[in-house]
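> The structure file coords.txt (compact mmCIF, N, CA and C atoms and all ligand atoms) is provided below.
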# COMPACT_ATOMS: atom_id res chain seq x y z
N MET B 266 16.96 -77.70 -101.15
CA MET B 266 17.23 -76.60 -100.24
C MET B 266 16.22 -76.58 -99.10
N GLU B 267 14.99 -77.01 -99.44
CA GLU B 267 13.92 -77.03 -98.46
C GLU B 267 14.19 -78.08 -97.36
N GLU B 268 14.74 -79.22 -97.78
CA GLU B 268 14.97 -80.33 -96.84
C GLU B 268 15.99 -80.00 -95.75
N PRO B 269 17.17 -79.42 -96.07
CA PRO B 269 18.12 -79.09 -95.01
C PRO B 269 17.56 -78.07 -94.01
N ARG B 270 16.75 -77.13 -94.49
CA ARG B 270 16.16 -76.15 -93.57
C ARG B 270 15.20 -76.84 -92.60
N ARG B 271 14.42 -77.78 -93.18
CA ARG B 271 13.46 -78.50 -92.34
C ARG B 271 14.18 -79.34 -91.27
N ASN B 272 15.26 -79.97 -91.69
CA ASN B 272 16.05 -80.77 -90.75
C ASN B 272 16.65 -79.90 -89.65
N LEU B 273 17.15 -78.74 -90.06
CA LEU B 273 17.72 -77.81 -89.07
C LEU B 273 16.65 -77.37 -88.07
N LEU B 274 15.47 -77.05 -88.61
CA LEU B 274 14.37 -76.63 -87.74
C LEU B 274 13.97 -77.74 -86.77
N ARG B 275 13.88 -78.97 -87.27
CA ARG B 275 13.55 -80.12 -86.41
C ARG B 275 14.61 -80.30 -85.32
N TRP B 276 15.86 -80.18 -85.75
CA TRP B 276 16.97 -80.38 -84.82
C TRP B 276 16.92 -79.31 -83.71
N LEU B 277 16.66 -78.06 -84.10
CA LEU B 277 16.59 -76.99 -83.11
C LEU B 277 15.41 -77.17 -82.17
N LEU B 278 14.25 -77.53 -82.71
CA LEU B 278 13.07 -77.73 -81.86
C LEU B 278 13.26 -78.91 -80.92
N GLY B 279 13.84 -79.98 -81.45
CA GLY B 279 14.10 -81.17 -80.62
C GLY B 279 15.08 -80.84 -79.51
N GLY B 280 16.12 -80.10 -79.84
CA GLY B 280 17.11 -79.72 -78.84
C GLY B 280 16.51 -78.81 -77.78
N GLY B 281 15.66 -77.89 -78.21
CA GLY B 281 15.01 -76.99 -77.26
C GLY B 281 14.10 -77.74 -76.32
N LEU B 282 13.37 -78.71 -76.87
CA LEU B 282 12.48 -79.51 -76.04
C LEU B 282 13.28 -80.34 -75.03
N SER B 283 14.38 -80.93 -75.51
CA SER B 283 15.23 -81.71 -74.60
C SER B 283 15.81 -80.82 -73.50
N ALA B 284 16.27 -79.64 -73.88
CA ALA B 284 16.84 -78.73 -72.88
C ALA B 284 15.79 -78.32 -71.86
N SER B 285 14.55 -78.10 -72.34
CA SER B 285 13.48 -77.73 -71.40
C SER B 285 13.19 -78.87 -70.44
N LEU B 286 13.12 -80.09 -70.97
CA LEU B 286 12.87 -81.25 -70.10
C LEU B 286 13.97 -81.40 -69.06
N ILE B 287 15.21 -81.27 -69.48
CA ILE B 287 16.33 -81.40 -68.55
C ILE B 287 16.27 -80.30 -67.50
N SER B 288 15.93 -79.07 -67.91
CA SER B 288 15.90 -77.97 -66.94
C SER B 288 14.78 -78.15 -65.92
N PHE B 289 13.71 -78.89 -66.29
CA PHE B 289 12.65 -79.17 -65.32
C PHE B 289 13.00 -80.37 -64.44
N LEU B 290 13.58 -81.38 -65.03
CA LEU B 290 13.82 -82.63 -64.29
C LEU B 290 15.05 -82.57 -63.39
N TYR B 291 16.09 -81.84 -63.80
CA TYR B 291 17.31 -81.82 -63.02
C TYR B 291 17.10 -81.28 -61.60
N PRO B 292 16.40 -80.13 -61.41
CA PRO B 292 16.16 -79.67 -60.03
C PRO B 292 15.34 -80.66 -59.21
N ALA B 293 14.36 -81.30 -59.86
CA ALA B 293 13.56 -82.29 -59.12
C ALA B 293 14.44 -83.46 -58.70
N PHE B 294 15.32 -83.90 -59.58
CA PHE B 294 16.23 -85.00 -59.26
C PHE B 294 17.16 -84.60 -58.12
N LYS B 295 17.72 -83.40 -58.17
CA LYS B 295 18.63 -82.94 -57.11
C LYS B 295 17.90 -82.79 -55.78
N PHE B 296 16.62 -82.39 -55.85
CA PHE B 296 15.84 -82.26 -54.62
C PHE B 296 15.63 -83.62 -53.95
N MET B 297 15.38 -84.63 -54.78
CA MET B 297 15.12 -85.97 -54.23
C MET B 297 16.39 -86.66 -53.79
N ASN B 298 17.55 -86.25 -54.29
CA ASN B 298 18.83 -86.86 -53.92
C ASN B 298 19.79 -85.79 -53.42
N PRO B 299 19.56 -85.26 -52.22
CA PRO B 299 20.47 -84.22 -51.73
C PRO B 299 21.87 -84.79 -51.50
N PRO B 300 22.89 -83.94 -51.58
CA PRO B 300 24.25 -84.43 -51.36
C PRO B 300 24.44 -84.89 -49.92
N ASP B 301 25.31 -85.86 -49.75
CA ASP B 301 25.60 -86.38 -48.41
C ASP B 301 26.54 -85.43 -47.69
N ILE B 302 26.01 -84.63 -46.80
CA ILE B 302 26.85 -83.74 -46.00
C ILE B 302 26.68 -84.18 -44.55
N PRO B 303 27.65 -84.88 -44.00
CA PRO B 303 27.50 -85.34 -42.62
C PRO B 303 27.46 -84.16 -41.66
N GLU B 304 26.61 -84.27 -40.64
CA GLU B 304 26.51 -83.20 -39.66
C GLU B 304 27.79 -83.20 -38.82
N ALA B 305 28.34 -82.02 -38.67
CA ALA B 305 29.56 -81.90 -37.88
C ALA B 305 29.28 -82.38 -36.46
N SER B 306 30.16 -83.24 -35.93
CA SER B 306 29.91 -83.73 -34.59
C SER B 306 30.37 -82.69 -33.59
N VAL B 307 29.52 -82.45 -32.63
CA VAL B 307 29.79 -81.43 -31.62
C VAL B 307 30.11 -82.15 -30.32
N ASN B 308 31.18 -81.76 -29.68
CA ASN B 308 31.53 -82.38 -28.40
C ASN B 308 31.38 -81.45 -27.22
N GLU B 309 31.38 -80.14 -27.48
CA GLU B 309 31.11 -79.19 -26.40
C GLU B 309 30.61 -77.88 -26.98
N VAL B 310 29.78 -77.21 -26.18
CA VAL B 310 29.27 -75.91 -26.59
C VAL B 310 29.33 -74.95 -25.42
N SER B 311 29.43 -73.68 -25.73
CA SER B 311 29.34 -72.66 -24.69
C SER B 311 27.86 -72.41 -24.43
N ALA B 312 27.50 -72.40 -23.14
CA ALA B 312 26.10 -72.20 -22.77
C ALA B 312 25.88 -70.82 -22.20
N GLY B 313 26.83 -69.92 -22.40
CA GLY B 313 26.67 -68.55 -21.93
C GLY B 313 27.45 -68.28 -20.67
N LYS B 314 27.16 -67.18 -20.05
CA LYS B 314 27.88 -66.74 -18.85
C LYS B 314 27.21 -67.31 -17.59
N VAL B 315 28.02 -67.51 -16.57
CA VAL B 315 27.53 -68.04 -15.30
C VAL B 315 26.39 -67.18 -14.76
N GLN B 316 26.57 -65.85 -14.83
CA GLN B 316 25.59 -64.94 -14.25
C GLN B 316 24.28 -64.88 -15.04
N ASP B 317 24.26 -65.49 -16.23
CA ASP B 317 23.03 -65.46 -17.03
C ASP B 317 21.94 -66.40 -16.51
N LEU B 318 22.33 -67.38 -15.69
CA LEU B 318 21.35 -68.35 -15.19
C LEU B 318 21.34 -68.30 -13.66
N LYS B 319 20.18 -67.98 -13.09
CA LYS B 319 20.06 -67.91 -11.63
C LYS B 319 19.95 -69.32 -11.06
N PRO B 320 20.32 -69.50 -9.77
CA PRO B 320 20.12 -70.81 -9.14
C PRO B 320 18.65 -71.22 -9.21
N ASN B 321 18.41 -72.52 -9.32
CA ASN B 321 17.08 -73.12 -9.46
C ASN B 321 16.36 -72.67 -10.74
N THR B 322 17.13 -72.56 -11.81
CA THR B 322 16.53 -72.29 -13.11
C THR B 322 17.22 -73.16 -14.16
N GLY B 323 16.57 -73.28 -15.28
CA GLY B 323 17.14 -74.07 -16.37
C GLY B 323 16.89 -73.38 -17.70
N LYS B 324 17.66 -73.80 -18.69
CA LYS B 324 17.43 -73.26 -20.03
C LYS B 324 17.87 -74.30 -21.06
N ILE B 325 17.28 -74.18 -22.23
CA ILE B 325 17.62 -75.07 -23.33
C ILE B 325 18.81 -74.48 -24.09
N VAL B 326 19.80 -75.32 -24.33
CA VAL B 326 21.00 -74.93 -25.06
C VAL B 326 21.07 -75.80 -26.31
N LYS B 327 21.45 -75.18 -27.43
CA LYS B 327 21.63 -75.95 -28.66
C LYS B 327 22.97 -76.68 -28.60
N PHE B 328 22.93 -77.99 -28.74
CA PHE B 328 24.14 -78.80 -28.77
C PHE B 328 24.19 -79.41 -30.16
N GLY B 329 24.80 -78.71 -31.11
CA GLY B 329 24.67 -79.10 -32.51
C GLY B 329 23.21 -78.92 -32.89
N SER B 330 22.59 -79.96 -33.37
CA SER B 330 21.17 -79.87 -33.72
C SER B 330 20.28 -80.36 -32.59
N LEU B 331 20.89 -80.78 -31.47
CA LEU B 331 20.10 -81.36 -30.38
C LEU B 331 19.89 -80.35 -29.26
N PRO B 332 18.72 -80.37 -28.62
CA PRO B 332 18.51 -79.51 -27.46
C PRO B 332 19.03 -80.19 -26.19
N VAL B 333 19.72 -79.41 -25.39
CA VAL B 333 20.19 -79.90 -24.09
C VAL B 333 19.62 -78.98 -23.02
N LEU B 334 19.15 -79.57 -21.93
CA LEU B 334 18.62 -78.80 -20.82
C LEU B 334 19.74 -78.56 -19.81
N LEU B 335 20.11 -77.31 -19.63
CA LEU B 335 21.12 -76.93 -18.65
C LEU B 335 20.38 -76.44 -17.41
N VAL B 336 20.73 -77.00 -16.24
CA VAL B 336 20.06 -76.62 -15.00
C VAL B 336 21.12 -76.14 -14.01
N ARG B 337 20.88 -74.97 -13.45
CA ARG B 337 21.73 -74.50 -12.36
C ARG B 337 20.94 -74.77 -11.09
N THR B 338 21.31 -75.81 -10.38
CA THR B 338 20.52 -76.22 -9.22
C THR B 338 20.79 -75.32 -8.01
N THR B 339 22.06 -74.99 -7.78
CA THR B 339 22.40 -74.10 -6.68
C THR B 339 23.40 -73.08 -7.21
N GLU B 340 23.96 -72.30 -6.30
CA GLU B 340 24.95 -71.31 -6.70
C GLU B 340 26.14 -71.95 -7.43
N THR B 341 26.51 -73.18 -6.98
CA THR B 341 27.71 -73.81 -7.53
C THR B 341 27.46 -75.13 -8.25
N GLU B 342 26.22 -75.63 -8.23
CA GLU B 342 25.96 -76.93 -8.86
C GLU B 342 25.18 -76.76 -10.17
N TRP B 343 25.67 -77.47 -11.16
CA TRP B 343 25.07 -77.43 -12.49
C TRP B 343 24.85 -78.85 -12.98
N SER B 344 23.89 -79.06 -13.83
CA SER B 344 23.74 -80.34 -14.50
C SER B 344 23.14 -80.09 -15.88
N ALA B 345 23.33 -81.07 -16.74
CA ALA B 345 22.79 -80.93 -18.10
C ALA B 345 22.38 -82.31 -18.61
N PHE B 346 21.27 -82.33 -19.32
CA PHE B 346 20.72 -83.56 -19.87
C PHE B 346 20.20 -83.30 -21.27
N SER B 347 20.13 -84.37 -22.02
CA SER B 347 19.43 -84.26 -23.30
C SER B 347 18.03 -83.76 -22.99
N ALA B 348 17.56 -82.79 -23.76
CA ALA B 348 16.21 -82.26 -23.53
C ALA B 348 15.16 -83.01 -24.34
N VAL B 349 15.58 -84.13 -24.93
CA VAL B 349 14.64 -84.93 -25.73
C VAL B 349 14.07 -86.03 -24.84
N CYS B 350 12.79 -85.95 -24.58
CA CYS B 350 12.11 -86.95 -23.73
C CYS B 350 12.27 -88.33 -24.34
N THR B 351 12.53 -89.32 -23.48
CA THR B 351 12.74 -90.68 -23.99
C THR B 351 11.43 -91.39 -24.31
N HIS B 352 10.30 -90.73 -24.08
CA HIS B 352 9.02 -91.33 -24.45
C HIS B 352 8.76 -91.10 -25.94
N LEU B 353 8.34 -89.91 -26.30
CA LEU B 353 8.04 -89.63 -27.71
C LEU B 353 8.73 -88.36 -28.22
N ASN B 354 9.91 -88.09 -27.64
CA ASN B 354 10.81 -87.04 -28.16
C ASN B 354 10.32 -85.60 -27.99
N CYS B 355 9.41 -85.34 -27.08
CA CYS B 355 9.07 -83.95 -26.80
C CYS B 355 10.25 -83.30 -26.08
N THR B 356 10.27 -81.99 -26.03
CA THR B 356 11.34 -81.27 -25.34
C THR B 356 10.96 -81.08 -23.88
N VAL B 357 11.85 -81.51 -23.00
CA VAL B 357 11.57 -81.39 -21.57
C VAL B 357 11.98 -80.01 -21.06
N GLN B 358 11.56 -79.68 -19.84
CA GLN B 358 11.91 -78.39 -19.25
C GLN B 358 12.12 -78.55 -17.74
N TYR B 359 12.84 -77.60 -17.17
CA TYR B 359 13.07 -77.64 -15.73
C TYR B 359 11.87 -77.05 -15.00
N LYS B 360 11.40 -77.80 -13.99
CA LYS B 360 10.25 -77.35 -13.22
C LYS B 360 10.78 -76.84 -11.87
N GLU B 361 10.84 -75.52 -11.75
CA GLU B 361 11.46 -74.90 -10.58
C GLU B 361 10.73 -75.25 -9.28
N SER B 362 9.40 -75.35 -9.34
CA SER B 362 8.62 -75.57 -8.11
C SER B 362 8.91 -76.92 -7.48
N SER B 363 9.19 -77.94 -8.28
CA SER B 363 9.43 -79.28 -7.72
C SER B 363 10.88 -79.73 -7.87
N HIS B 364 11.72 -78.90 -8.48
CA HIS B 364 13.13 -79.24 -8.73
C HIS B 364 13.24 -80.54 -9.53
N GLN B 365 12.41 -80.65 -10.54
CA GLN B 365 12.43 -81.83 -11.39
C GLN B 365 12.43 -81.40 -12.86
N ILE B 366 12.64 -82.38 -13.70
CA ILE B 366 12.58 -82.14 -15.15
C ILE B 366 11.25 -82.71 -15.63
N TRP B 367 10.53 -81.90 -16.36
CA TRP B 367 9.15 -82.23 -16.70
C TRP B 367 8.96 -82.26 -18.21
N CYS B 368 8.22 -83.25 -18.65
CA CYS B 368 7.82 -83.31 -20.05
C CYS B 368 6.32 -83.03 -20.10
N ALA B 369 5.96 -81.95 -20.73
CA ALA B 369 4.57 -81.51 -20.76
C ALA B 369 3.69 -82.38 -21.65
N CYS B 370 4.29 -83.13 -22.55
CA CYS B 370 3.46 -83.89 -23.51
C CYS B 370 2.59 -84.92 -22.81
N HIS B 371 3.18 -85.72 -21.92
CA HIS B 371 2.39 -86.76 -21.24
C HIS B 371 2.72 -86.77 -19.76
N ASN B 372 3.12 -85.63 -19.25
CA ASN B 372 3.39 -85.46 -17.82
C ASN B 372 4.48 -86.40 -17.30
N GLY B 373 5.52 -86.58 -18.08
CA GLY B 373 6.65 -87.39 -17.63
C GLY B 373 7.53 -86.56 -16.70
N LEU B 374 8.05 -87.20 -15.67
CA LEU B 374 8.90 -86.50 -14.70
C LEU B 374 10.22 -87.23 -14.53
N TYR B 375 11.28 -86.46 -14.49
CA TYR B 375 12.63 -86.99 -14.25
C TYR B 375 13.20 -86.24 -13.05
N ASN B 376 14.10 -86.91 -12.30
CA ASN B 376 14.77 -86.19 -11.22
C ASN B 376 16.03 -85.50 -11.77
N LEU B 377 16.76 -84.86 -10.89
CA LEU B 377 17.94 -84.11 -11.35
C LEU B 377 19.17 -84.99 -11.59
N ASN B 378 18.95 -86.32 -11.57
CA ASN B 378 19.96 -87.24 -12.08
C ASN B 378 19.55 -87.76 -13.45
N GLY B 379 18.41 -87.28 -13.93
CA GLY B 379 17.91 -87.72 -15.23
C GLY B 379 17.10 -89.00 -15.17
N GLN B 380 16.92 -89.56 -13.95
CA GLN B 380 16.16 -90.81 -13.80
C GLN B 380 14.66 -90.52 -13.87
N VAL B 381 13.92 -91.48 -14.40
CA VAL B 381 12.47 -91.34 -14.50
C VAL B 381 11.86 -91.44 -13.11
N VAL B 382 11.02 -90.46 -12.77
CA VAL B 382 10.31 -90.46 -11.50
C VAL B 382 8.90 -90.98 -11.70
N SER B 383 8.23 -90.50 -12.73
CA SER B 383 6.87 -90.96 -13.00
C SER B 383 6.51 -90.66 -14.45
N GLY B 384 5.43 -91.26 -14.89
CA GLY B 384 4.96 -91.03 -16.25
C GLY B 384 5.49 -92.08 -17.21
N PRO B 385 5.22 -91.87 -18.48
CA PRO B 385 5.53 -92.92 -19.47
C PRO B 385 6.97 -93.02 -19.98
N PRO B 386 7.89 -92.07 -19.70
CA PRO B 386 9.23 -92.22 -20.28
C PRO B 386 9.86 -93.56 -19.87
N PRO B 387 10.38 -94.31 -20.86
CA PRO B 387 10.92 -95.64 -20.55
C PRO B 387 12.37 -95.63 -20.09
N HIS B 388 13.11 -94.54 -20.36
CA HIS B 388 14.53 -94.51 -20.05
C HIS B 388 14.91 -93.18 -19.43
N PRO B 389 16.05 -93.16 -18.70
CA PRO B 389 16.55 -91.88 -18.18
C PRO B 389 17.01 -90.97 -19.31
N LEU B 390 17.17 -89.70 -18.98
CA LEU B 390 17.71 -88.74 -19.95
C LEU B 390 19.22 -88.91 -20.03
N GLU B 391 19.78 -88.72 -21.20
CA GLU B 391 21.23 -88.79 -21.36
C GLU B 391 21.87 -87.60 -20.64
N ALA B 392 22.86 -87.87 -19.80
CA ALA B 392 23.51 -86.81 -19.03
C ALA B 392 24.69 -86.22 -19.80
N TYR B 393 24.91 -84.92 -19.65
CA TYR B 393 26.06 -84.22 -20.22
C TYR B 393 26.88 -83.66 -19.06
N SER B 394 28.11 -83.30 -19.34
CA SER B 394 28.97 -82.69 -18.32
C SER B 394 28.89 -81.18 -18.42
N VAL B 395 29.04 -80.53 -17.27
CA VAL B 395 29.06 -79.07 -17.23
C VAL B 395 30.35 -78.62 -16.55
N HIS B 396 31.07 -77.72 -17.19
CA HIS B 396 32.30 -77.16 -16.62
C HIS B 396 32.19 -75.64 -16.65
N ILE B 397 32.78 -75.03 -15.64
CA ILE B 397 32.83 -73.56 -15.61
C ILE B 397 34.26 -73.16 -15.95
N ARG B 398 34.41 -72.39 -17.02
CA ARG B 398 35.73 -71.88 -17.43
C ARG B 398 35.69 -70.37 -17.31
N GLY B 399 36.30 -69.88 -16.26
CA GLY B 399 36.22 -68.43 -16.01
C GLY B 399 34.79 -68.10 -15.64
N ASP B 400 34.12 -67.29 -16.45
CA ASP B 400 32.71 -67.02 -16.20
C ASP B 400 31.81 -67.62 -17.28
N GLU B 401 32.39 -68.59 -18.00
CA GLU B 401 31.65 -69.23 -19.09
C GLU B 401 31.21 -70.64 -18.68
N VAL B 402 29.98 -70.99 -19.02
CA VAL B 402 29.46 -72.34 -18.76
C VAL B 402 29.64 -73.17 -20.04
N VAL B 403 30.32 -74.30 -19.89
CA VAL B 403 30.58 -75.16 -21.05
C VAL B 403 29.91 -76.51 -20.83
N VAL B 404 29.11 -76.91 -21.80
CA VAL B 404 28.44 -78.22 -21.74
C VAL B 404 29.14 -79.14 -22.72
N SER B 405 29.44 -80.36 -22.25
CA SER B 405 30.14 -81.29 -23.14
C SER B 405 29.58 -82.69 -23.00
N ARG B 406 29.88 -83.52 -23.99
CA ARG B 406 29.48 -84.93 -23.94
C ARG B 406 30.29 -85.62 -22.87
N ARG B 407 29.66 -86.60 -22.22
CA ARG B 407 30.41 -87.40 -21.25
C ARG B 407 31.25 -88.41 -22.00
N ALA B 408 32.43 -88.65 -21.50
CA ALA B 408 33.35 -89.59 -22.16
C ALA B 408 32.90 -91.03 -21.95
S1 LIG B 501 6.87 -87.42 -24.83
FE1 LIG B 501 7.56 -86.98 -22.85
S2 LIG B 501 6.18 -88.01 -21.59
FE2 LIG B 501 5.50 -88.50 -23.58
Translate this file's structure into structure tokens.


Amino acid sequence: MEEPRRNLLRWLLGGGLSASLISFLYPAFKFMNPPDIPEASVNEVSAGKVQDLKPNTGKIVKFGSLPVLLVRTTETEWSAFSAVCTHLNCTVQYKESSHQIWCACHNGLYNLNGQVVSGPPPHPLEAYSVHIRGDEVVVSRRA
């Protein structure tokens, strides 16, 4: 009678230990192997209302997970570029005083066509299209 009780006790303790180990290891395993969820591809985003951005100003717009620099150069002219500097991926900004795009990290300068003017950036900024729909500014990928 003593032996079956001992076996039952061993079985319960062993099972409890196994369950504890699994409960500790499973979250760690899931953390190291996250599920493959592809990022939804974004082709256009609303950048707000026309009246929200004055001429000769710029703002950063979220394009999916990427920052895009939207610039309103004049009353009717708009442009947009990837806001990721082609040097070391800092976020660029519009410099109103010189009408250029500036990267503060290493003083990189781009013109309003996205071309490198000076500094270390090796490539131009990727250009996006800007459309006005009613009073809404829409930024989209170039085809
Ligand atoms: S990261 Fe922009 S100039 Fe270096």

> List as a VMD selection string the protein and nucleic acid residues lying within 5 Å of ligand LIG 501 (chain B), with all atoms listed in the file counted.

chain B and resid 350 352 to 355 368 370 to 373 386

> Among the residues of region 287-391 of chain B, find those DSSP assigns to strand (DSSP E) from the backbone and print them as a PyMOL selection string.

chain B and resi 309-314+322-328+331-337+343-347+358-360+365-368+373-375+381-383

> Keeping N, CA and C atoms, export the residues of the selection given above as a CSV table (one decimal), in the frame of the given file.


chain,number,residue,atom,x,y,z
B,309,GLU,N,31.4,-80.1,-27.5
B,309,GLU,CA,31.1,-79.2,-26.4
B,309,GLU,C,30.6,-77.9,-27.0
B,310,VAL,N,29.8,-77.2,-26.2
B,310,VAL,CA,29.3,-75.9,-26.6
B,310,VAL,C,29.3,-75.0,-25.4
B,311,SER,N,29.4,-73.7,-25.7
B,311,SER,CA,29.3,-72.7,-24.7
B,311,SER,C,27.9,-72.4,-24.4
B,312,ALA,N,27.5,-72.4,-23.1
B,312,ALA,CA,26.1,-72.2,-22.8
B,312,ALA,C,25.9,-70.8,-22.2
B,313,GLY,N,26.8,-69.9,-22.4
B,313,GLY,CA,26.7,-68.6,-21.9
B,313,GLY,C,27.4,-68.3,-20.7
B,314,LYS,N,27.2,-67.2,-20.0
B,314,LYS,CA,27.9,-66.7,-18.8
B,314,LYS,C,27.2,-67.3,-17.6
B,322,THR,N,17.1,-72.6,-11.8
B,322,THR,CA,16.5,-72.3,-13.1
B,322,THR,C,17.2,-73.2,-14.2
B,323,GLY,N,16.6,-73.3,-15.3
B,323,GLY,CA,17.1,-74.1,-16.4
B,323,GLY,C,16.9,-73.4,-17.7
B,324,LYS,N,17.7,-73.8,-18.7
B,324,LYS,CA,17.4,-73.3,-20.0
B,324,LYS,C,17.9,-74.3,-21.1
B,325,ILE,N,17.3,-74.2,-22.2
B,325,ILE,CA,17.6,-75.1,-23.3
B,325,ILE,C,18.8,-74.5,-24.1
B,326,VAL,N,19.8,-75.3,-24.3
B,326,VAL,CA,21.0,-74.9,-25.1
B,326,VAL,C,21.1,-75.8,-26.3
B,327,LYS,N,21.4,-75.2,-27.4
B,327,LYS,CA,21.6,-76.0,-28.7
B,327,LYS,C,23.0,-76.7,-28.6
B,328,PHE,N,22.9,-78.0,-28.7
B,328,PHE,CA,24.1,-78.8,-28.8
B,328,PHE,C,24.2,-79.4,-30.2
B,331,LEU,N,20.9,-80.8,-31.5
B,331,LEU,CA,20.1,-81.4,-30.4
B,331,LEU,C,19.9,-80.4,-29.3
B,332,PRO,N,18.7,-80.4,-28.6
B,332,PRO,CA,18.5,-79.5,-27.5
B,332,PRO,C,19.0,-80.2,-26.2
B,333,VAL,N,19.7,-79.4,-25.4
B,333,VAL,CA,20.2,-79.9,-24.1
B,333,VAL,C,19.6,-79.0,-23.0
B,334,LEU,N,19.2,-79.6,-21.9
B,334,LEU,CA,18.6,-78.8,-20.8
B,334,LEU,C,19.7,-78.6,-19.8
B,335,LEU,N,20.1,-77.3,-19.6
B,335,LEU,CA,21.1,-76.9,-18.6
B,335,LEU,C,20.4,-76.4,-17.4
B,336,VAL,N,20.7,-77.0,-16.2
B,336,VAL,CA,20.1,-76.6,-15.0
B,336,VAL,C,21.1,-76.1,-14.0
B,337,ARG,N,20.9,-75.0,-13.4
B,337,ARG,CA,21.7,-74.5,-12.4
B,337,ARG,C,20.9,-74.8,-11.1
B,343,TRP,N,25.7,-77.5,-11.2
B,343,TRP,CA,25.1,-77.4,-12.5
B,343,TRP,C,24.8,-78.8,-13.0
B,344,SER,N,23.9,-79.1,-13.8
B,344,SER,CA,23.7,-80.3,-14.5
B,344,SER,C,23.1,-80.1,-15.9
B,345,ALA,N,23.3,-81.1,-16.7
B,345,ALA,CA,22.8,-80.9,-18.1
B,345,ALA,C,22.4,-82.3,-18.6
B,346,PHE,N,21.3,-82.3,-19.3
B,346,PHE,CA,20.7,-83.6,-19.9
B,346,PHE,C,20.2,-83.3,-21.3
B,347,SER,N,20.1,-84.4,-22.0
B,347,SER,CA,19.4,-84.3,-23.3
B,347,SER,C,18.0,-83.8,-23.0
B,358,GLN,N,11.6,-79.7,-19.8
B,358,GLN,CA,11.9,-78.4,-19.2
B,358,GLN,C,12.1,-78.6,-17.7
B,359,TYR,N,12.8,-77.6,-17.2
B,359,TYR,CA,13.1,-77.6,-15.7
B,359,TYR,C,11.9,-77.0,-15.0
B,360,LYS,N,11.4,-77.8,-14.0
B,360,LYS,CA,10.2,-77.4,-13.2
B,360,LYS,C,10.8,-76.8,-11.9
B,365,GLN,N,12.4,-80.6,-10.5
B,365,GLN,CA,12.4,-81.8,-11.4
B,365,GLN,C,12.4,-81.4,-12.9
B,366,ILE,N,12.6,-82.4,-13.7
B,366,ILE,CA,12.6,-82.1,-15.2
B,366,ILE,C,11.2,-82.7,-15.6
B,367,TRP,N,10.5,-81.9,-16.4
B,367,TRP,CA,9.2,-82.2,-16.7
B,367,TRP,C,9.0,-82.3,-18.2
B,368,CYS,N,8.2,-83.2,-18.6
B,368,CYS,CA,7.8,-83.3,-20.0
B,368,CYS,C,6.3,-83.0,-20.1
B,373,GLY,N,5.5,-86.6,-18.1
B,373,GLY,CA,6.6,-87.4,-17.6
B,373,GLY,C,7.5,-86.6,-16.7
B,374,LEU,N,8.0,-87.2,-15.7
B,374,LEU,CA,8.9,-86.5,-14.7
B,374,LEU,C,10.2,-87.2,-14.5
B,375,TYR,N,11.3,-86.5,-14.5
B,375,TYR,CA,12.6,-87.0,-14.2
B,375,TYR,C,13.2,-86.2,-13.0
B,381,VAL,N,13.9,-91.5,-14.4
B,381,VAL,CA,12.5,-91.3,-14.5
B,381,VAL,C,11.9,-91.4,-13.1
B,382,VAL,N,11.0,-90.5,-12.8
B,382,VAL,CA,10.3,-90.5,-11.5
B,382,VAL,C,8.9,-91.0,-11.7
B,383,SER,N,8.2,-90.5,-12.7
B,383,SER,CA,6.9,-91.0,-13.0
B,383,SER,C,6.5,-90.7,-14.4

> Determine the nearest neighbour of Val349 (chain B) from the options B:Pro332, B:Asn378, B:Val326, B:Pro320, counting all atoms listed in the file.

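When distances to Val349 (chain B) are compared using all atoms listed in the file, the smallest one comes from B:Pro332.
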
> Would you please work out which residue, of B:Ala369, B:Met297, B:Val307, B:Ala348, is nearest to Gly329 (chain B) when using only C-alpha atoms?

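Smallest separation from Gly329 (chain B) among the options: B:Val307.
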
> Here is a test: counting all atoms listed in the file, which residue of B:Arg407, B:Glu401, B:Arg275, B:Lys324 is nearest to Ser311 (chain B)?

B:Glu401

> Just want the 5 Å neighbourhood of Ser383 (chain B), counted on only N, CA and C atoms, with same-chain residues fewer than 2 positions away dropped. Output as a count of residues only.

4

> Contacts of Val404 (chain B) at 9 Å or less, counting only C-alpha atoms, minus same-chain residues fewer than 5 places along, as a list in words?

Asn308, Glu309, Val310, Ser311, Ala312, Val326, Phe328, Val333, Leu335, Ser344, Ala345, Tyr393, Ser394, Val395, His396 and Ile397 of chain B
